[in-house]
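What follows is a single structure, written as structure tokens, with notes after it.
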Amino acid sequence: MSKTNRYDDSRAWYAIHTYSGYEEKVADSIRQRIQTVDMADKIFDVMVPKEKQIQIKNGKRKVVDEKIFQGYALVEMKLTDETWYIVRNTPGVTGFVGANTTPTPVSDSEITKIKKRMGVEDPKHQIDFAVGEVVSIVDGPFKGFDGAVSEIDTAKGKLRVMVSMFGRDTPVELDALQVKKVS
């Protein structure tokens, strides 16, 4: 009795929903299952897309890996009833992304974009402030002060803010993550 496959079993990437925070556990479980159930010829790879981001903690810059898609992992596989079942029944997986019950492959161009985003080593500084704009300092020794942006250094992610202290404007150099817009 031959088993018919109701899926297109060409090699492709598929997105799977996971419980938020379980993305890495799911990826590890799938990697283990590939070995234990001898599926290396049908399930090839699994990844949790991450990118480097800059965070400020206690006044210090830290580069951290942040998940690009919270609650999702990507699996490269040939979609068959058997592989669908193995992935779908991995603890922490809530389902495949797709129309109705059919998983939809993620396009090659989308995978290329995601891999490119993951491969960027230097985190980007996104500075959404303008010279003259009034900002509130939320971190560091000047926390609680307001000031006007006088200079922006996008390469370093720094701002110079004029803070009024003791009746005069004092320039303070801050990381863009240490200030927020005054609404």
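Ordering of the structure tokens sets the chain letters (A, B, ...), residue numbers begin anew at 1 in every chain, and ligands are numbered from 1 in the order given.
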Exercise for review: Mind checking which residues fall within 10 Å of Glu82 (chain A), counting only C-alpha atoms, ignoring those fewer than 3 positions away in the same chain, and posting them as a PyMOL selection string?
Suggested key: chain A and resi 5+39+42+78-79+85-88
The selected residues should be written to file as a compact mmCIF listing (two decimals), in the first residue's frame (atoms: all heavy atoms).
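What ended up in again01.txt:
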# COMPACT_ATOMS: atom_id res chain seq x y z
N ASN A 5 1.05 11.54 -0.65
CA ASN A 5 1.37 12.77 0.07
C ASN A 5 0.47 13.88 -0.45
O ASN A 5 0.46 14.16 -1.63
CB ASN A 5 2.85 13.12 -0.13
CG ASN A 5 3.24 14.34 0.66
OD1 ASN A 5 2.60 14.67 1.64
ND2 ASN A 5 4.27 15.02 0.22
N MET A 39 15.26 11.83 10.50
CA MET A 39 14.54 12.67 9.55
C MET A 39 15.46 13.67 8.83
O MET A 39 14.98 14.61 8.22
CB MET A 39 13.47 13.49 10.30
CG MET A 39 12.21 12.75 10.56
SD MET A 39 11.26 12.72 9.05
CE MET A 39 10.34 11.25 9.29
N LYS A 42 14.62 14.79 5.47
CA LYS A 42 13.32 15.45 5.25
C LYS A 42 13.18 16.77 6.01
O LYS A 42 12.50 17.69 5.58
CB LYS A 42 12.17 14.51 5.65
CG LYS A 42 12.03 13.32 4.73
CD LYS A 42 10.81 12.51 5.10
CE LYS A 42 10.67 11.30 4.21
NZ LYS A 42 11.38 10.13 4.72
N LYS A 78 10.96 19.18 3.88
CA LYS A 78 10.06 18.71 2.83
C LYS A 78 8.76 18.42 3.55
O LYS A 78 8.74 17.63 4.50
CB LYS A 78 10.61 17.45 2.18
CG LYS A 78 11.82 17.67 1.32
CD LYS A 78 12.27 16.37 0.68
CE LYS A 78 13.45 16.61 -0.23
NZ LYS A 78 13.96 15.34 -0.79
N LEU A 79 7.69 19.04 3.13
CA LEU A 79 6.41 18.88 3.82
C LEU A 79 5.72 17.59 3.38
O LEU A 79 5.33 17.44 2.23
CB LEU A 79 5.52 20.10 3.55
CG LEU A 79 4.22 20.16 4.32
CD1 LEU A 79 4.46 20.23 5.83
CD2 LEU A 79 3.39 21.36 3.89
N TYR A 85 3.50 16.02 10.97
CA TYR A 85 3.13 15.44 12.27
C TYR A 85 4.25 15.62 13.30
O TYR A 85 3.99 16.01 14.43
CB TYR A 85 2.80 13.94 12.09
CG TYR A 85 2.32 13.30 13.36
CD1 TYR A 85 0.99 13.40 13.76
CD2 TYR A 85 3.21 12.62 14.19
CE1 TYR A 85 0.55 12.83 14.95
CE2 TYR A 85 2.79 12.03 15.38
CZ TYR A 85 1.46 12.15 15.75
OH TYR A 85 1.02 11.60 16.94
N ILE A 86 5.48 15.35 12.88
CA ILE A 86 6.62 15.46 13.80
C ILE A 86 6.77 16.90 14.31
O ILE A 86 6.90 17.14 15.51
CB ILE A 86 7.92 14.95 13.14
CG1 ILE A 86 7.85 13.41 13.04
CG2 ILE A 86 9.16 15.39 13.91
CD1 ILE A 86 8.91 12.80 12.15
N VAL A 87 6.75 17.86 13.38
CA VAL A 87 6.92 19.27 13.78
C VAL A 87 5.72 19.75 14.59
O VAL A 87 5.87 20.35 15.64
CB VAL A 87 7.18 20.17 12.55
CG1 VAL A 87 7.17 21.64 12.93
CG2 VAL A 87 8.49 19.80 11.88
N ARG A 88 4.53 19.45 14.09
CA ARG A 88 3.30 19.92 14.74
C ARG A 88 3.18 19.39 16.17
O ARG A 88 2.63 20.06 17.04
CB ARG A 88 2.08 19.48 13.91
CG ARG A 88 0.73 19.86 14.48
CD ARG A 88 0.58 21.37 14.55
NE ARG A 88 -0.63 21.77 15.23
CZ ARG A 88 -0.72 21.98 16.54
NH1 ARG A 88 0.30 21.79 17.32
NH2 ARG A 88 -1.86 22.37 17.07
Practice item. Skip region 129-141 of chain A itself and residues of its chain fewer than 3 positions away, then list as an MDAnalysis selection string all residues within 9 Å of it, counting only C-alpha atoms. Key: chainID A and resid 56:60 144:152 159 161 174 176:183
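Using only C-alpha atoms, the protein and nucleic acid residues lying no more than 12 Å from region 116-120 of chain A, apart from those fewer than 6 places from it along its own chain, are Met47, Val48, Pro49, Lys50, Glu51, Lys52, Gln53, Asp65, Glu66, Lys67, Ile68, Phe69, Ser109 and Glu110 of chain A.
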Check your understanding: Taking only C-alpha atoms into account, which of A:Pro105, A:Gly98, A:Gly92, A:Gly71 comes nearest Ser10 (chain A)?
Key ->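 Checking each candidate against Ser10 (chain A), we get A:Pro105 as the closest.
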**Study point:** Which of region 9-146 of chain A DSSP labels alpha helix (DSSP H), written as a VMD selection string
**Key:** chain A and resid 23 to 36 81 to 88 108 to 119
Residues from last step as file, C-alpha atoms, as an mmCIF file, in the first residue's frame:
data_model
loop_
_atom_site.group_PDB
_atom_site.id
_atom_site.type_symbol
_atom_site.label_atom_id
_atom_site.label_comp_id
_atom_site.auth_asym_id
_atom_site.auth_seq_id
_atom_site.Cartn_x
_atom_site.Cartn_y
_atom_site.Cartn_z
ATOM 1 C CA GLU A 23 11.137 29.555 20.438
ATOM 2 C CA GLU A 24 14.630 28.264 21.370
ATOM 3 C CA LYS A 25 13.244 25.209 23.213
ATOM 4 C CA VAL A 26 11.138 24.331 20.162
ATOM 5 C CA ALA A 27 14.152 24.741 17.839
ATOM 6 C CA ASP A 28 16.276 22.483 20.109
ATOM 7 C CA SER A 29 13.491 19.880 20.310
ATOM 8 C CA ILE A 30 13.103 19.790 16.521
ATOM 9 C CA ARG A 31 16.895 19.437 16.109
ATOM 10 C CA GLN A 32 16.845 16.486 18.532
ATOM 11 C CA ARG A 33 13.886 14.891 16.773
ATOM 12 C CA ILE A 34 15.677 15.180 13.405
ATOM 13 C CA GLN A 35 18.403 12.927 14.843
ATOM 14 C CA THR A 36 16.278 10.542 16.904
ATOM 15 C CA ASP A 81 2.245 13.993 6.422
ATOM 16 C CA GLU A 82 5.064 12.515 8.495
ATOM 17 C CA THR A 83 7.174 15.707 8.785
ATOM 18 C CA TRP A 84 4.056 17.801 9.425
ATOM 19 C CA TYR A 85 3.126 15.441 12.269
ATOM 20 C CA ILE A 86 6.618 15.463 13.804
ATOM 21 C CA VAL A 87 6.923 19.269 13.783
ATOM 22 C CA ARG A 88 3.303 19.919 14.740
ATOM 23 C CA ASP A 108 12.949 32.596 -0.764
ATOM 24 C CA SER A 109 13.144 36.396 -0.953
ATOM 25 C CA GLU A 110 11.672 36.672 2.558
ATOM 26 C CA ILE A 111 14.154 34.078 3.907
ATOM 27 C CA THR A 112 17.014 36.004 2.233
ATOM 28 C CA LYS A 113 15.816 39.244 3.900
ATOM 29 C CA ILE A 114 15.567 37.545 7.304
ATOM 30 C CA LYS A 115 19.025 35.964 7.002
ATOM 31 C CA LYS A 116 20.475 39.302 5.900
ATOM 32 C CA ARG A 117 18.855 41.023 8.890
ATOM 33 C CA MET A 118 20.238 38.302 11.192
ATOM 34 C CA GLY A 119 23.721 38.622 9.708
#
Check your understanding: Which parts of region 23-132 of chain A does DSSP call strand (DSSP E or B) when run on the backbone here, written out as a PyMOL selection string?
Key -> chain A and resi 43-47+50-57+60-67+72-78+93-96+98-99+102-103+105-106
Produce a file of the selected residues containing N, CA and C atoms, as a compact mmCIF listing (two decimals), in the first residue's frame.
# COMPACT_ATOMS: atom_id res chain seq x y z
N ILE A 43 13.78 16.85 7.20
CA ILE A 43 13.78 18.09 7.98
C ILE A 43 15.24 18.51 8.08
N PHE A 44 15.56 19.68 7.52
CA PHE A 44 16.96 20.06 7.33
C PHE A 44 17.48 21.04 8.37
N ASP A 45 16.68 22.02 8.70
CA ASP A 45 17.20 23.08 9.57
C ASP A 45 16.04 23.75 10.29
N VAL A 46 16.37 24.40 11.39
CA VAL A 46 15.38 25.18 12.13
C VAL A 46 16.10 26.40 12.67
N MET A 47 15.44 27.55 12.61
CA MET A 47 16.08 28.76 13.15
C MET A 47 15.07 29.67 13.83
N LYS A 50 16.99 36.19 14.87
CA LYS A 50 17.35 37.19 15.88
C LYS A 50 18.21 38.25 15.22
N GLU A 51 18.20 39.43 15.83
CA GLU A 51 19.09 40.50 15.37
C GLU A 51 19.69 41.20 16.58
N LYS A 52 20.82 41.83 16.36
CA LYS A 52 21.49 42.53 17.45
C LYS A 52 20.83 43.88 17.66
N GLN A 53 20.58 44.22 18.92
CA GLN A 53 20.01 45.52 19.26
C GLN A 53 20.78 46.10 20.44
N ILE A 54 20.73 47.41 20.53
CA ILE A 54 21.43 48.08 21.62
C ILE A 54 20.43 48.39 22.72
N GLN A 55 20.81 48.06 23.95
CA GLN A 55 19.97 48.42 25.11
C GLN A 55 20.85 49.16 26.10
N ILE A 56 20.20 49.99 26.90
CA ILE A 56 20.92 50.70 27.96
C ILE A 56 20.43 50.15 29.28
N LYS A 57 21.37 49.68 30.09
CA LYS A 57 21.03 49.18 31.41
C LYS A 57 21.99 49.81 32.40
N LYS A 60 24.79 51.85 30.99
CA LYS A 60 25.78 51.19 30.14
C LYS A 60 25.09 50.59 28.91
N ARG A 61 25.77 50.74 27.76
CA ARG A 61 25.26 50.16 26.51
C ARG A 61 25.54 48.67 26.49
N LYS A 62 24.58 47.93 26.01
CA LYS A 62 24.76 46.49 25.89
C LYS A 62 24.15 46.05 24.57
N VAL A 63 24.86 45.21 23.84
CA VAL A 63 24.31 44.66 22.59
C VAL A 63 23.71 43.30 22.93
N VAL A 64 22.44 43.14 22.60
CA VAL A 64 21.74 41.90 22.90
C VAL A 64 21.12 41.33 21.62
N ASP A 65 20.92 40.01 21.61
CA ASP A 65 20.21 39.36 20.51
C ASP A 65 18.72 39.36 20.83
N GLU A 66 17.94 40.02 20.01
CA GLU A 66 16.49 40.07 20.20
C GLU A 66 15.82 39.27 19.10
N LYS A 67 14.76 38.55 19.46
CA LYS A 67 14.01 37.79 18.45
C LYS A 67 13.32 38.78 17.51
N TYR A 72 7.59 32.78 17.00
CA TYR A 72 7.72 32.06 15.73
C TYR A 72 9.11 31.45 15.59
N ALA A 73 9.18 30.35 14.87
CA ALA A 73 10.45 29.75 14.45
C ALA A 73 10.27 29.36 12.99
N LEU A 74 11.38 29.14 12.30
CA LEU A 74 11.32 28.74 10.90
C LEU A 74 11.95 27.36 10.75
N VAL A 75 11.30 26.50 9.97
CA VAL A 75 11.79 25.13 9.76
C VAL A 75 11.95 24.91 8.27
N GLU A 76 13.15 24.43 7.89
CA GLU A 76 13.38 24.07 6.49
C GLU A 76 13.16 22.57 6.37
N MET A 77 12.21 22.20 5.52
CA MET A 77 11.85 20.78 5.44
C MET A 77 11.11 20.48 4.14
N LYS A 78 10.96 19.18 3.88
CA LYS A 78 10.06 18.71 2.83
C LYS A 78 8.76 18.42 3.55
N VAL A 93 4.96 23.88 20.11
CA VAL A 93 4.48 24.30 18.79
C VAL A 93 2.96 24.36 18.83
N THR A 94 2.41 25.49 18.38
CA THR A 94 0.95 25.61 18.37
C THR A 94 0.37 25.46 16.96
N GLY A 95 1.25 25.44 15.94
CA GLY A 95 0.75 25.21 14.59
C GLY A 95 1.67 25.81 13.54
N PHE A 96 1.32 25.53 12.30
CA PHE A 96 2.04 26.09 11.15
C PHE A 96 1.34 27.36 10.72
N GLY A 98 -0.21 29.32 7.75
CA GLY A 98 -0.70 28.98 6.42
C GLY A 98 -2.19 29.22 6.31
N ALA A 99 -2.70 28.91 5.14
CA ALA A 99 -4.13 29.07 4.89
C ALA A 99 -4.86 27.80 5.30
N THR A 102 -3.38 24.07 5.61
CA THR A 102 -2.21 23.82 4.77
C THR A 102 -1.11 24.84 5.07
N PRO A 103 0.06 24.37 5.54
CA PRO A 103 1.18 25.29 5.77
C PRO A 103 1.62 25.97 4.47
N PRO A 105 4.61 27.85 2.43
CA PRO A 105 6.06 28.07 2.48
C PRO A 105 6.39 29.57 2.53
N VAL A 106 7.45 29.90 3.23
CA VAL A 106 7.94 31.28 3.28
C VAL A 106 8.75 31.48 2.00
Study note, to complete from the structure: Between CA of Asp169 (chain A) and CA of Asp128 (chain A) lies a distance of 22.8 Å
**Study point:** A:Val172, A:Thr101, A:Ile127, A:Thr90 ranked by distance to Ala155 (chain A), top pick (using only C-alpha atoms)
**Key:**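 Of the candidates, the smallest distance to Ala155 (chain A) is held by A:Ile127.
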**Study point:** Among listed residues A:Met165, A:Ser20, A:Ala15, A:Thr170, nearest Gln70 (chain A) (using only C-alpha atoms)
**Key:**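 Checking each of A:Met165, A:Ser20, A:Ala15, A:Thr170 against Gln70 (chain A), counting only C-alpha atoms, the winner is A:Ser20.
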